[in-house]
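coords-v7.tsv (TSV, C-alpha atoms)
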chain	number	residue	atom	x	y	z
P	1	MET	CA	-3.63	33.70	2.44
P	2	ALA	CA	-3.65	33.60	6.22
P	3	ALA	CA	-4.22	36.15	8.98
P	4	VAL	CA	-1.57	36.23	11.70
P	5	ILE	CA	-2.89	35.94	15.26
P	6	SER	CA	0.47	36.13	17.00
P	7	GLU	CA	4.12	36.14	16.00
P	8	GLU	CA	6.86	36.09	18.64
P	9	ASN	CA	10.27	34.44	19.15
P	10	GLY	CA	10.01	32.36	15.99
P	11	LYS	CA	6.54	31.08	16.86
P	12	THR	CA	3.64	32.00	14.57
P	13	LEU	CA	-0.07	31.32	14.96
P	14	SER	CA	-2.43	32.19	12.10
P	15	PHE	CA	-5.74	31.20	10.55
P	16	ASN	CA	-7.47	31.16	7.19
P	17	VAL	CA	-11.05	30.84	5.98
P	18	GLU	CA	-12.42	29.55	2.67
P	19	ALA	CA	-16.12	29.58	1.82
P	20	MET	CA	-18.26	29.04	-1.27
P	21	ALA	CA	-21.99	29.22	-1.95
P	22	ALA	CA	-23.61	28.26	-5.24
P	23	THR	CA	-26.98	27.92	-6.90
P	24	MET	CA	-27.47	25.67	-9.93
P	25	SER	CA	-30.22	24.57	-12.28
P	26	LEU	CA	-30.49	21.94	-15.03
P	27	ASP	CA	-33.29	21.54	-17.55
P	28	GLU	CA	-32.61	17.78	-17.57
P	29	ASN	CA	-31.06	15.41	-15.04
P	30	TYR	CA	-29.43	11.96	-14.85
P	31	THR	CA	-31.09	10.38	-11.83
P	32	GLY	CA	-33.53	8.14	-13.72
P	33	THR	CA	-36.47	10.49	-13.24
P	34	PRO	CA	-36.56	13.00	-16.13
P	35	GLY	CA	-37.15	16.66	-15.39
P	36	ASP	CA	-35.42	19.80	-14.25
P	37	LYS	CA	-33.38	20.30	-11.07
P	38	GLN	CA	-32.66	23.36	-8.95
P	39	TRP	CA	-30.37	23.14	-5.95
P	40	GLN	CA	-27.96	25.05	-3.75
P	41	GLU	CA	-24.63	24.08	-2.21
P	42	ALA	CA	-22.33	25.73	0.31
P	43	TYR	CA	-19.35	25.09	2.52
P	44	ILE	CA	-17.13	27.01	4.89
P	45	LYS	CA	-13.85	25.76	6.27
P	46	GLY	CA	-11.27	27.32	8.51
P	47	ASP	CA	-7.78	26.29	9.58
P	48	LEU	CA	-5.69	27.19	12.60
P	49	LEU	CA	-2.02	27.10	11.53
P	50	GLY	CA	1.05	27.10	13.71
P	51	SER	CA	4.81	27.02	13.17
P	52	SER	CA	7.83	27.15	15.46
P	53	LEU	CA	11.42	27.89	14.46
P	54	MET	CA	13.79	25.52	16.27
P	55	ASP	CA	17.29	26.33	17.59
P	56	ASN	CA	18.92	24.35	14.76
P	57	GLY	CA	17.03	26.37	12.14
P	58	SER	CA	14.46	23.73	11.27
P	59	THR	CA	10.73	24.39	11.56
P	60	LEU	CA	7.90	22.47	13.17
P	61	TYR	CA	4.47	23.23	11.77
P	62	GLY	CA	0.91	21.96	11.86
P	63	GLY	CA	-2.69	22.68	11.04
P	64	LEU	CA	-6.13	21.90	12.40
P	65	GLY	CA	-9.28	22.75	10.48
P	66	LEU	CA	-13.02	22.16	10.36
P	67	ILE	CA	-15.48	22.17	7.47
P	68	ALA	CA	-19.26	22.68	7.45
P	69	LEU	CA	-21.08	21.87	4.23
P	70	GLY	CA	-24.44	20.96	2.77
P	71	THR	CA	-26.91	20.80	-0.13
P	72	ARG	CA	-30.47	22.11	-0.37
P	73	GLY	CA	-33.21	22.08	-3.00
P	74	ASP	CA	-33.71	19.16	-5.39
P	75	GLY	CA	-30.21	17.73	-5.07
P	76	ASP	CA	-27.63	17.59	-7.86
P	77	GLY	CA	-28.22	16.47	-11.43
P	78	LEU	CA	-26.45	13.11	-11.00
P	79	GLY	CA	-28.39	12.17	-7.89
P	80	LEU	CA	-25.53	11.87	-5.41
P	81	THR	CA	-27.33	14.38	-3.19
P	82	THR	CA	-31.02	14.79	-2.36
P	83	GLY	CA	-31.05	18.35	-1.00
P	84	ASP	CA	-31.19	17.21	2.61
P	85	GLU	CA	-27.47	17.01	3.43
P	86	SER	CA	-25.29	18.78	5.98
P	87	ASP	CA	-22.23	17.90	8.00
P	88	LEU	CA	-19.56	19.33	10.28
P	89	ASP	CA	-16.27	17.47	10.29
P	90	ILE	CA	-12.51	17.75	10.68
P	91	GLU	CA	-10.95	18.69	7.34
P	92	ASN	CA	-7.27	19.07	8.26
P	93	ALA	CA	-5.18	17.69	11.12
P	94	TYR	CA	-1.49	17.38	10.31
P	95	LEU	CA	2.00	17.91	11.68
P	96	GLY	CA	5.19	18.57	9.77
P	97	TRP	CA	8.90	19.30	10.00
P	98	GLN	CA	11.05	21.25	7.53
P	99	SER	CA	14.85	21.28	7.61
P	100	SER	CA	16.71	24.56	7.99
P	101	ASN	CA	17.76	24.65	4.35
P	102	SER	CA	14.31	23.55	3.11
P	103	LEU	CA	15.88	20.42	1.64
P	104	VAL	CA	13.52	18.05	3.45
P	105	ASP	CA	9.86	18.48	4.38
P	106	LEU	CA	8.06	15.64	6.17
P	107	SER	CA	4.39	15.82	7.12
P	108	VAL	CA	1.84	13.33	8.41
P	109	GLY	CA	-1.88	13.37	9.12
P	110	ARG	CA	-5.07	14.52	7.43
P	111	GLN	CA	-4.19	16.91	4.60
P	112	MET	CA	-4.48	17.76	0.93
P	113	PHE	CA	-2.11	16.37	-1.71
P	114	THR	CA	-1.90	17.17	-5.44
P	115	LEU	CA	0.24	15.42	-8.03
P	116	GLY	CA	1.24	17.55	-11.02
P	117	ASP	CA	-1.77	19.56	-12.15
P	118	GLY	CA	-4.33	17.11	-10.81
P	119	PHE	CA	-4.85	14.80	-13.80
P	120	LEU	CA	-4.65	11.84	-11.36
P	121	ILE	CA	-4.60	13.31	-7.84
P	122	ALA	CA	-6.02	16.61	-6.61
P	123	GLY	CA	-7.22	15.71	-3.15
P	124	ASP	CA	-10.01	13.36	-2.06
P	125	ALA	CA	-12.70	15.66	-3.43
P	126	ILE	CA	-15.81	13.63	-4.37
P	127	SER	CA	-18.42	14.45	-1.72
P	128	PRO	CA	-21.73	12.57	-2.15
P	129	GLY	CA	-24.75	12.93	0.07
P	130	LYS	CA	-27.78	10.71	0.65
P	131	GLY	CA	-28.62	10.03	-2.99
P	132	PHE	CA	-27.45	6.42	-3.00
P	133	ASP	CA	-28.34	5.50	0.59
P	134	SER	CA	-30.60	2.69	-0.63
P	135	VAL	CA	-27.68	0.79	-2.16
P	136	SER	CA	-24.91	1.84	0.22
P	137	ASN	CA	-26.56	1.84	3.64
P	138	GLY	CA	-25.70	5.53	3.97
P	139	SER	CA	-21.97	4.86	3.81
P	140	LEU	CA	-21.40	7.30	0.92
P	141	ASP	CA	-22.77	10.39	2.69
P	142	ARG	CA	-20.00	12.97	3.24
P	143	GLY	CA	-22.32	15.93	3.74
P	144	GLY	CA	-23.03	16.85	0.13
P	145	ALA	CA	-21.92	20.01	-1.67
P	146	TYR	CA	-20.98	17.63	-4.48
P	147	TYR	CA	-20.14	20.21	-7.16
P	148	LEU	CA	-18.22	22.61	-4.91
P	149	ALA	CA	-16.07	19.74	-3.61
P	150	GLY	CA	-14.90	21.54	-0.48
P	151	ARG	CA	-13.68	18.35	1.20
P	152	LYS	CA	-10.27	17.65	-0.31
P	153	SER	CA	-8.03	16.23	2.42
P	154	PHE	CA	-7.06	12.58	2.53
P	155	ASP	CA	-7.92	10.92	5.84
P	156	ASN	CA	-4.29	10.04	6.57
P	157	THR	CA	-1.02	10.73	4.81
P	158	ALA	CA	2.74	10.56	5.09
P	159	ILE	CA	4.45	12.91	2.62
P	160	LEU	CA	8.18	13.39	2.23
P	161	LYS	CA	9.27	16.25	-0.04
P	162	VAL	CA	12.92	16.59	-1.03
P	163	ASP	CA	13.95	19.80	-2.81
P	164	PRO	CA	17.74	20.26	-3.11
P	165	ASP	CA	19.47	23.11	-4.91
P	166	GLY	CA	19.25	22.44	-8.61
P	167	PRO	CA	16.52	21.39	-11.01
P	168	VAL	CA	15.55	17.99	-9.51
P	169	ARG	CA	13.02	17.55	-6.72
P	170	GLY	CA	10.88	14.66	-5.48
P	171	ASP	CA	8.06	13.34	-3.31
P	172	LEU	CA	7.55	10.04	-1.53
P	173	PHE	CA	3.95	9.68	-0.38
P	174	TRP	CA	1.38	7.42	1.21
P	175	LEU	CA	-2.27	8.47	0.97
P	176	LYS	CA	-5.24	6.85	2.74
P	177	SER	CA	-8.80	7.76	1.78
P	178	ASP	CA	-11.80	7.41	4.07
P	179	ASN	CA	-14.18	8.08	1.19
P	180	GLN	CA	-16.51	5.14	0.54
P	181	TYR	CA	-17.15	6.40	-3.00
P	182	GLN	CA	-13.41	5.90	-3.57
P	183	GLN	CA	-13.64	2.60	-1.64
P	184	ASN	CA	-11.20	3.85	1.00
P	185	THR	CA	-8.29	3.52	-1.42
P	186	GLU	CA	-4.71	3.53	-0.16
P	187	LEU	CA	-1.99	4.75	-2.55
P	188	THR	CA	1.80	4.61	-2.17
P	189	GLY	CA	3.94	6.50	-4.64
P	190	LEU	CA	7.14	8.17	-5.74
P	191	ASN	CA	7.29	11.38	-7.78
P	192	LEU	CA	10.36	12.92	-9.45
P	193	GLU	CA	10.39	16.30	-11.20
P	194	TYR	CA	12.90	18.24	-13.26
P	195	VAL	CA	12.09	21.95	-12.90
P	196	ASP	CA	13.49	24.65	-15.16
P	197	ASP	CA	12.08	28.10	-14.42
P	198	ALA	CA	12.35	29.17	-18.04
P	199	MET	CA	11.40	25.96	-19.84
P	200	GLY	CA	8.92	24.24	-17.51
P	201	THR	CA	8.53	21.03	-15.49
P	202	LEU	CA	8.96	17.39	-16.52
P	203	GLY	CA	7.60	14.81	-14.06
P	204	LEU	CA	7.69	11.01	-13.69
P	205	SER	CA	5.59	9.22	-11.06
P	206	TYR	CA	4.97	5.65	-9.95
P	207	MET	CA	2.09	4.65	-7.66
P	208	LYS	CA	0.51	1.45	-6.42
P	209	ALA	CA	-2.99	0.98	-5.02
P	210	THR	CA	-1.87	-0.89	-1.93
P	211	ASP	CA	-5.33	-1.31	-0.41
P	212	VAL	CA	-8.93	-1.00	-1.65
P	213	ASP	CA	-12.13	-1.99	0.14
P	214	VAL	CA	-13.45	-4.31	-2.57
P	215	GLY	CA	-17.23	-4.16	-2.80
P	216	ALA	CA	-17.55	-0.98	-0.71
P	217	GLY	CA	-19.67	2.00	-1.74
P	218	LEU	CA	-20.87	1.56	-5.31
P	219	ALA	CA	-18.07	-0.97	-6.05
P	220	LEU	CA	-16.98	1.12	-9.04
P	221	PHE	CA	-13.26	0.62	-8.45
P	222	ASP	CA	-12.83	-3.01	-7.35
P	223	ASN	CA	-10.25	-3.56	-10.10
P	224	ARG	CA	-8.13	-0.74	-8.67
P	225	ASP	CA	-6.92	-3.13	-5.97
P	226	GLY	CA	-3.19	-3.82	-6.47
P	227	MET	CA	-3.00	-1.67	-9.61
P	228	ASP	CA	0.31	-0.12	-10.71
P	229	ILE	CA	0.23	3.42	-12.14
P	230	VAL	CA	3.00	5.17	-14.08
P	231	SER	CA	2.71	8.80	-15.19
P	232	LEU	CA	4.94	10.90	-17.44
P	233	ARG	CA	4.01	14.57	-17.76
P	234	GLY	CA	5.34	17.97	-18.72
P	235	GLN	CA	4.17	21.55	-18.58
P	236	GLY	CA	5.71	24.92	-19.43
P	237	SER	CA	6.54	27.40	-22.16
P	238	MET	CA	9.75	25.86	-23.58
P	239	GLY	CA	11.25	29.30	-23.11
P	240	VAL	CA	8.81	30.96	-25.55
P	241	GLU	CA	6.94	33.94	-24.14
P	242	ASN	CA	3.12	33.67	-24.37
P	243	LEU	CA	3.26	29.93	-25.17
P	244	PHE	CA	1.72	27.24	-22.94
P	245	LEU	CA	2.29	23.52	-23.49
P	246	SER	CA	1.16	20.58	-21.36
P	247	PHE	CA	0.93	16.81	-21.71
P	248	GLU	CA	0.56	13.67	-19.61
P	249	TYR	CA	0.58	9.94	-20.34
P	250	VAL	CA	-0.64	7.42	-17.75
P	251	SER	CA	-0.36	3.63	-17.81
P	252	GLU	CA	-2.34	1.39	-15.43
P	253	THR	CA	-1.37	-2.28	-15.18
P	254	GLY	CA	-1.50	-5.26	-12.81
P	255	GLY	CA	-4.09	-5.75	-10.10
P	256	ASP	CA	-5.18	-8.31	-7.55
P	257	GLN	CA	-8.78	-8.73	-8.80
P	258	VAL	CA	-8.48	-8.56	-12.60
P	259	GLU	CA	-5.46	-7.69	-14.74
P	260	LYS	CA	-5.56	-3.99	-15.53
P	261	ASP	CA	-4.30	-2.78	-18.92
P	262	ALA	CA	-5.49	0.80	-19.29
P	263	ASN	CA	-4.09	4.16	-20.30
P	264	ALA	CA	-4.93	7.83	-20.73
P	265	TRP	CA	-3.16	10.80	-22.22
P	266	TYR	CA	-3.61	14.39	-23.30
P	267	VAL	CA	-1.76	17.06	-25.23
P	268	GLU	CA	-2.52	20.76	-24.83
P	269	GLY	CA	-1.29	24.00	-26.31
P	270	GLY	CA	-2.19	27.61	-25.76
P	271	TRP	CA	-1.13	31.07	-26.86
P	272	THR	CA	-1.68	34.44	-25.19
P	273	PHE	CA	-2.06	37.37	-27.59
P	274	ALA	CA	-0.44	39.78	-25.17
P	275	ASP	CA	-0.38	42.76	-27.54
P	276	LEU	CA	-4.10	42.66	-28.39
P	277	PRO	CA	-6.86	44.41	-26.40
P	278	TRP	CA	-8.29	42.29	-23.57
P	279	THR	CA	-5.27	39.92	-23.81
P	280	PRO	CA	-7.03	36.99	-25.53
P	281	ASN	CA	-5.83	33.47	-24.81
P	282	LEU	CA	-6.60	30.57	-27.16
P	283	ASN	CA	-6.15	26.99	-25.96
P	284	TYR	CA	-6.72	23.56	-27.53
P	285	ARG	CA	-6.55	20.15	-25.86
P	286	HIS	CA	-7.11	16.57	-26.98
P	287	ALA	CA	-7.44	13.79	-24.40
P	288	GLU	CA	-8.11	10.04	-24.58
P	289	PHE	CA	-9.11	7.63	-21.80
P	290	SER	CA	-9.21	3.93	-22.63
P	291	GLY	CA	-12.36	1.85	-22.30
P	292	ASP	CA	-12.78	-1.87	-21.82
P	293	ASP	CA	-12.18	-4.24	-24.70
P	294	SER	CA	-14.85	-6.92	-24.40
P	295	SER	CA	-12.80	-9.40	-26.46
P	296	THR	CA	-10.16	-9.79	-23.70
P	297	SER	CA	-10.20	-10.97	-20.09
P	298	ASP	CA	-8.22	-7.90	-18.98
P	299	ASP	CA	-9.82	-4.66	-17.79
P	300	GLU	CA	-8.87	-1.83	-20.13
P	301	THR	CA	-11.16	0.69	-18.41
P	302	PHE	CA	-9.12	3.71	-17.36
P	303	ASP	CA	-9.45	4.49	-13.64
P	304	PRO	CA	-9.39	8.31	-13.19
P	305	LEU	CA	-8.39	8.00	-9.51
P	306	PHE	CA	-8.59	11.28	-7.54
P	307	PHE	CA	-8.65	13.91	-10.31
P	308	GLY	CA	-9.91	17.38	-9.36
P	309	PHE	CA	-10.16	21.11	-10.02
P	310	THR	CA	-6.75	22.74	-10.32
P	311	ARG	CA	-5.82	25.36	-12.94
P	312	GLY	CA	-9.31	26.43	-14.00
P	313	PHE	CA	-12.59	25.19	-15.45
P	314	GLY	CA	-11.97	22.02	-17.41
P	315	THR	CA	-9.08	20.71	-15.30
P	316	TRP	CA	-9.92	18.08	-14.69
P	317	PHE	CA	-13.70	18.10	-14.64
P	318	GLN	CA	-14.08	18.25	-18.43
P	319	GLY	CA	-17.34	20.00	-19.30
P	320	GLU	CA	-19.49	21.29	-16.48
P	321	VAL	CA	-22.52	19.15	-17.35
P	322	ALA	CA	-20.56	16.24	-18.84
P	323	ALA	CA	-18.00	15.80	-16.06
P	324	ASN	CA	-20.34	16.40	-13.13
P	325	TYR	CA	-23.68	14.96	-14.22
P	326	GLY	CA	-24.22	13.59	-17.73
P	327	GLY	CA	-20.99	11.79	-18.54
P	328	PRO	CA	-18.45	10.81	-19.64
P	329	PHE	CA	-16.28	10.92	-16.52
P	330	ASN	CA	-12.66	10.69	-17.74
P	331	SER	CA	-12.96	7.00	-18.60
P	332	GLY	CA	-13.75	5.24	-21.88
P	333	ASN	CA	-13.86	8.40	-23.95
P	334	ASP	CA	-11.96	10.88	-26.04
P	335	VAL	CA	-12.47	14.63	-25.79
P	336	ASP	CA	-11.50	17.76	-27.66
P	337	ARG	CA	-11.65	21.18	-26.03
P	338	ILE	CA	-11.23	24.66	-27.50
P	339	GLU	CA	-11.16	27.56	-25.05
P	340	MET	CA	-10.93	31.32	-25.52
P	341	THR	CA	-10.53	33.71	-22.59
P	342	VAL	CA	-10.38	37.51	-22.53
P	343	SER	CA	-9.80	40.06	-19.76
P	344	PRO	CA	-11.88	43.20	-20.43
P	345	ARG	CA	-10.68	44.57	-17.08
P	346	GLU	CA	-7.97	43.68	-14.64
P	347	ASP	CA	-10.54	42.20	-12.26
P	348	LEU	CA	-12.60	40.31	-14.86
P	349	LEU	CA	-11.93	37.14	-16.89
P	350	VAL	CA	-14.48	35.84	-19.41
P	351	GLY	CA	-14.12	32.38	-20.94
P	352	LEU	CA	-15.86	30.34	-23.62
P	353	GLN	CA	-15.28	26.57	-23.94
P	354	TYR	CA	-16.41	24.14	-26.63
P	355	TRP	CA	-16.30	20.40	-25.85
P	356	ASP	CA	-16.70	17.37	-28.11
P	357	PHE	CA	-16.89	13.90	-26.51
P	358	GLY	CA	-16.71	10.48	-28.16
P	359	PRO	CA	-16.52	6.84	-26.92
P	360	GLN	CA	-13.41	4.67	-26.74
P	361	ASP	CA	-13.29	0.90	-27.35
P	362	ASN	CA	-16.39	-0.87	-25.97
P	363	ALA	CA	-17.19	1.74	-23.34
P	364	ALA	CA	-20.70	3.11	-22.94
P	365	ASP	CA	-21.46	5.68	-25.65
P	366	ASN	CA	-21.55	9.08	-23.95
P	367	SER	CA	-20.97	11.07	-27.13
P	368	ALA	CA	-21.90	14.71	-26.60
P	369	THR	CA	-21.06	18.32	-27.28
P	370	GLU	CA	-21.07	21.10	-24.71
P	371	ILE	CA	-20.59	24.86	-24.71
P	372	ASP	CA	-19.80	26.72	-21.47
P	373	LEU	CA	-19.64	30.50	-21.06
P	374	TYR	CA	-18.28	31.70	-17.72
P	375	ALA	CA	-16.84	34.72	-15.95
P	376	LEU	CA	-14.57	35.24	-12.95
P	377	TRP	CA	-15.02	38.64	-11.30
P	378	THR	CA	-12.46	39.37	-8.57
P	379	ILE	CA	-14.47	41.80	-6.46
P	380	ASN	CA	-11.61	42.46	-4.06
P	381	ASP	CA	-8.82	40.57	-2.25
P	382	ASN	CA	-11.37	38.32	-0.54
P	383	TRP	CA	-14.40	37.91	-2.79
P	384	VAL	CA	-14.77	36.28	-6.23
P	385	PHE	CA	-18.04	35.86	-8.17
P	386	SER	CA	-18.41	33.37	-11.02
P	387	PRO	CA	-21.58	33.00	-13.14
P	388	MET	CA	-21.84	30.34	-15.86
P	389	ILE	CA	-24.22	29.19	-18.57
P	390	GLY	CA	-23.75	25.83	-20.28
P	391	LEU	CA	-25.52	23.92	-23.04
P	392	TYR	CA	-25.04	20.13	-23.21
P	393	GLU	CA	-26.25	18.07	-26.16
P	394	PRO	CA	-26.29	14.30	-25.55
P	395	GLU	CA	-25.64	12.23	-28.68
P	396	GLY	CA	-24.74	8.75	-27.36
P	397	SER	CA	-27.04	5.92	-26.36
P	398	ALA	CA	-25.83	5.94	-22.73
P	399	ASN	CA	-26.32	9.60	-21.89
P	400	ILE	CA	-29.56	9.83	-23.86
P	401	ALA	CA	-30.88	6.88	-21.83
P	402	ALA	CA	-29.69	8.44	-18.57
P	403	GLN	CA	-31.28	11.79	-19.45
P	404	GLY	CA	-34.48	10.15	-20.67
P	405	ASN	CA	-34.45	12.10	-23.95
P	406	SER	CA	-32.10	13.68	-26.49
P	407	ASP	CA	-33.01	17.29	-25.70
P	408	ASP	CA	-30.37	19.97	-25.23
P	409	ASN	CA	-29.71	20.50	-21.52
P	410	LEU	CA	-29.38	24.10	-20.32
P	411	TYR	CA	-27.23	24.57	-17.22
P	412	LEU	CA	-27.14	27.75	-15.11
P	413	GLN	CA	-24.79	28.33	-12.22
P	414	ALA	CA	-23.59	31.13	-9.96
P	415	VAL	CA	-20.82	30.71	-7.36
P	416	LEU	CA	-19.72	33.23	-4.74
P	417	MET	CA	-16.30	32.57	-3.21
P	418	TYR	CA	-14.60	34.01	-0.13
P	419	PHE	CA	-10.94	33.62	0.85
P	420	TYR	CA	-9.23	35.01	3.94
Taking this structure as input, can you express it in the form of structure tokens?
Amino acid sequence: MAAVISEENGKTLSFNVEAMAATMSLDENYTGTPGDKQWQEAYIKGDLLGSSLMDNGSTLYGGLGLIALGTRGDGDGLGLTTGDESDLDIENAYLGWQSSNSLVDLSVGRQMFTLGDGFLIAGDAISPGKGFDSVSNGSLDRGGAYYLAGRKSFDNTAILKVDPDGPVRGDLFWLKSDNQYQQNTELTGLNLEYVDDAMGTLGLSYMKATDVDVGAGLALFDNRDGMDIVSLRGQGSMGVENLFLSFEYVSETGGDQVEKDANAWYVEGGWTFADLPWTPNLNYRHAEFSGDDSSTSDDETFDPLFFGFTRGFGTWFQGEVAANYGGPFNSGNDVDRIEMTVSPREDLLVGLQYWDFGPQDNAADNSATEIDLYALWTINDNWVFSPMIGLYEPEGSANIAAQGNSDDNLYLQAVLMYFY
């Protein structure tokens, strides 16, 4: 939503504000020093938006926004932040043009971009702090607020959207990251979608990692350099009321450092019991992310790219403790999720998720189970409150070693959100 400052003669000036504050605690952590962690994160960002209707019916538009963010307390459970982070930076700075019939939309600059439902790209969201300064010379520090992930815009983009009358639409995009954790990756891609309002959306995408700063940051993604990525996905109801279906298959090949030969996929189905009290929704998903095969010279480790939070908890940070702190991290694992949500009131959603993680191929064993109970209380048009309790049980050699024991890990979280 946006608040209009002025609107006259086809020229509009408006602004919006988004803010979140959270407090978290973990009984165990994954920094190499066993023990509990308590920390707090927050960010606030605001955008000034402008548009101007031209004589030929086309529209010029743009946005300029700032973000302030930080972490306090002990720092997060993975150790990317220490609790002594804060930053003020430009979040958005873009210009765009849209044709009179909305057929063509071209924008350039610093902005957010999401592909599909974020399985591969949902902004440049990973925001470390000072936790790895000793091995990165401070180059990873983006101000913290690691869990809330308020920083989502790519440093530079060129995005062409084409949406003619009919079911087919497309995107041609170039994305440049300035995130050292992501090794300043540059992606170039083409996305085509067939959209049927009743049935759903079928998408096919091709991308290439056209530039990667090899050795930068933690050097986690050196083999991304030159990689080719193909994605086939679909999502919708197939015309059946109360049904939800979703899938995606991704292939990663090629590369300038080592030959990549990786893949990932998921299938998901859900049903809303619309005639029952509290409108229960039951959802099941199975996902697999390839791990390296030590018997070959290729790299079969799936690279999760820029996945992020899109259509709710578990997309695509799978398991609140697992995906953010304990592992696995959408690579070298398989995962099953069962979720049930109910709505006792119009302003309240309560959800329960069960997760089961297992290793793939010769990847590190991050086998685990996790249960997360959460609520989303829409206080009014501007405020949302979300408490959560999670229980993570490490079962694999890798996450037990990282945690320092095999104890169950209790996670508590409360997030207050504001949108204007």
Enumerate, in order of chain and increasing residue number, the residues of region 107-194 of chain P with an atom no farther than 8 Å from region 205-213 of chain P, each with its shortest atom pair and distance in Å to one decimal, counting all atoms listed in the file, as a tab-separated table.
residue	atom	partner	partner_atom	distance
P:Gln183	CA	P:Asp213	CA	5.1
P:Asn184	CA	P:Val212	CA	6.0
P:Thr185	CA	P:Val212	CA	4.6
P:Glu186	CA	P:Asp211	CA	4.9
P:Leu187	CA	P:Ala209	CA	4.6
P:Thr188	CA	P:Lys208	CA	5.5
P:Gly189	CA	P:Met207	CA	4.0
P:Leu190	CA	P:Tyr206	CA	5.4
P:Asn191	CA	P:Ser205	CA	4.3
P:Leu192	CA	P:Ser205	CA	6.2
In terms of all atoms listed in the file, the residue from P:Asn382, P:Ser177, P:Phe221, P:Ala21 at minimal distance from Tyr418 (chain P) is P:Asn382
Enter the distance from CA of Leu49 (chain P) to CA of Phe119 (chain P), in Å, rounded to one decimal.
-> 28.3 Å
Measure the distance from CA of Ser86 (chain P) to CA of Arg142 (chain P) in Å and round it to one decimal.
->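 Separation between CA of Ser86 (chain P) and CA of Arg142 (chain P): 8.3 Å.
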Residue with the minimum atom-to-atom distance to Tyr43 (chain P), picked from P:Val168, P:Ala68, P:Ala125, P:Met24 with all atoms listed in the file counted, is P:Ala68
12 Å contact set for Tyr181 (chain P), all atoms listed in the file, chain neighbours under 3 positions out, as a PyMOL selection string = chain P and resi 80+124-129+132-133+135-136+138-142+146+177-178+184-185+212-222+305-306
Just write the chosen residues, C-alpha atoms, as a PDB file, in the frame of the given file.
ATOM      1  CA  LEU P  80     -25.530  11.870  -5.410  1.00  0.00           C
ATOM      2  CA  ASP P 124     -10.010  13.360  -2.060  1.00  0.00           C
ATOM      3  CA  ALA P 125     -12.700  15.660  -3.430  1.00  0.00           C
ATOM      4  CA  ILE P 126     -15.810  13.630  -4.370  1.00  0.00           C
ATOM      5  CA  SER P 127     -18.420  14.450  -1.720  1.00  0.00           C
ATOM      6  CA  PRO P 128     -21.730  12.570  -2.150  1.00  0.00           C
ATOM      7  CA  GLY P 129     -24.750  12.930   0.070  1.00  0.00           C
ATOM      8  CA  PHE P 132     -27.450   6.420  -3.000  1.00  0.00           C
ATOM      9  CA  ASP P 133     -28.340   5.500   0.590  1.00  0.00           C
ATOM     10  CA  VAL P 135     -27.680   0.790  -2.160  1.00  0.00           C
ATOM     11  CA  SER P 136     -24.910   1.840   0.220  1.00  0.00           C
ATOM     12  CA  GLY P 138     -25.700   5.530   3.970  1.00  0.00           C
ATOM     13  CA  SER P 139     -21.970   4.860   3.810  1.00  0.00           C
ATOM     14  CA  LEU P 140     -21.400   7.300   0.920  1.00  0.00           C
ATOM     15  CA  ASP P 141     -22.770  10.390   2.690  1.00  0.00           C
ATOM     16  CA  ARG P 142     -20.000  12.970   3.240  1.00  0.00           C
ATOM     17  CA  TYR P 146     -20.980  17.630  -4.480  1.00  0.00           C
ATOM     18  CA  SER P 177      -8.800   7.760   1.780  1.00  0.00           C
ATOM     19  CA  ASP P 178     -11.800   7.410   4.070  1.00  0.00           C
ATOM     20  CA  ASN P 184     -11.200   3.850   1.000  1.00  0.00           C
ATOM     21  CA  THR P 185      -8.290   3.520  -1.420  1.00  0.00           C
ATOM     22  CA  VAL P 212      -8.930  -1.000  -1.650  1.00  0.00           C
ATOM     23  CA  ASP P 213     -12.130  -1.990   0.140  1.00  0.00           C
ATOM     24  CA  VAL P 214     -13.450  -4.310  -2.570  1.00  0.00           C
ATOM     25  CA  GLY P 215     -17.230  -4.160  -2.800  1.00  0.00           C
ATOM     26  CA  ALA P 216     -17.550  -0.980  -0.710  1.00  0.00           C
ATOM     27  CA  GLY P 217     -19.670   2.000  -1.740  1.00  0.00           C
ATOM     28  CA  LEU P 218     -20.870   1.560  -5.310  1.00  0.00           C
ATOM     29  CA  ALA P 219     -18.070  -0.970  -6.050  1.00  0.00           C
ATOM     30  CA  LEU P 220     -16.980   1.120  -9.040  1.00  0.00           C
ATOM     31  CA  PHE P 221     -13.260   0.620  -8.450  1.00  0.00           C
ATOM     32  CA  ASP P 222     -12.830  -3.010  -7.350  1.00  0.00           C
ATOM     33  CA  LEU P 305      -8.390   8.000  -9.510  1.00  0.00           C
ATOM     34  CA  PHE P 306      -8.590  11.280  -7.540  1.00  0.00           C
TER      35      PHE P 306
END
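For the set P:Glu346, P:Glu248, P:Glu85, P:Glu259, the residue with the smallest atom-to-atom gap to Asp117 (chain P) is P:Glu248, counting all atoms listed in the file.
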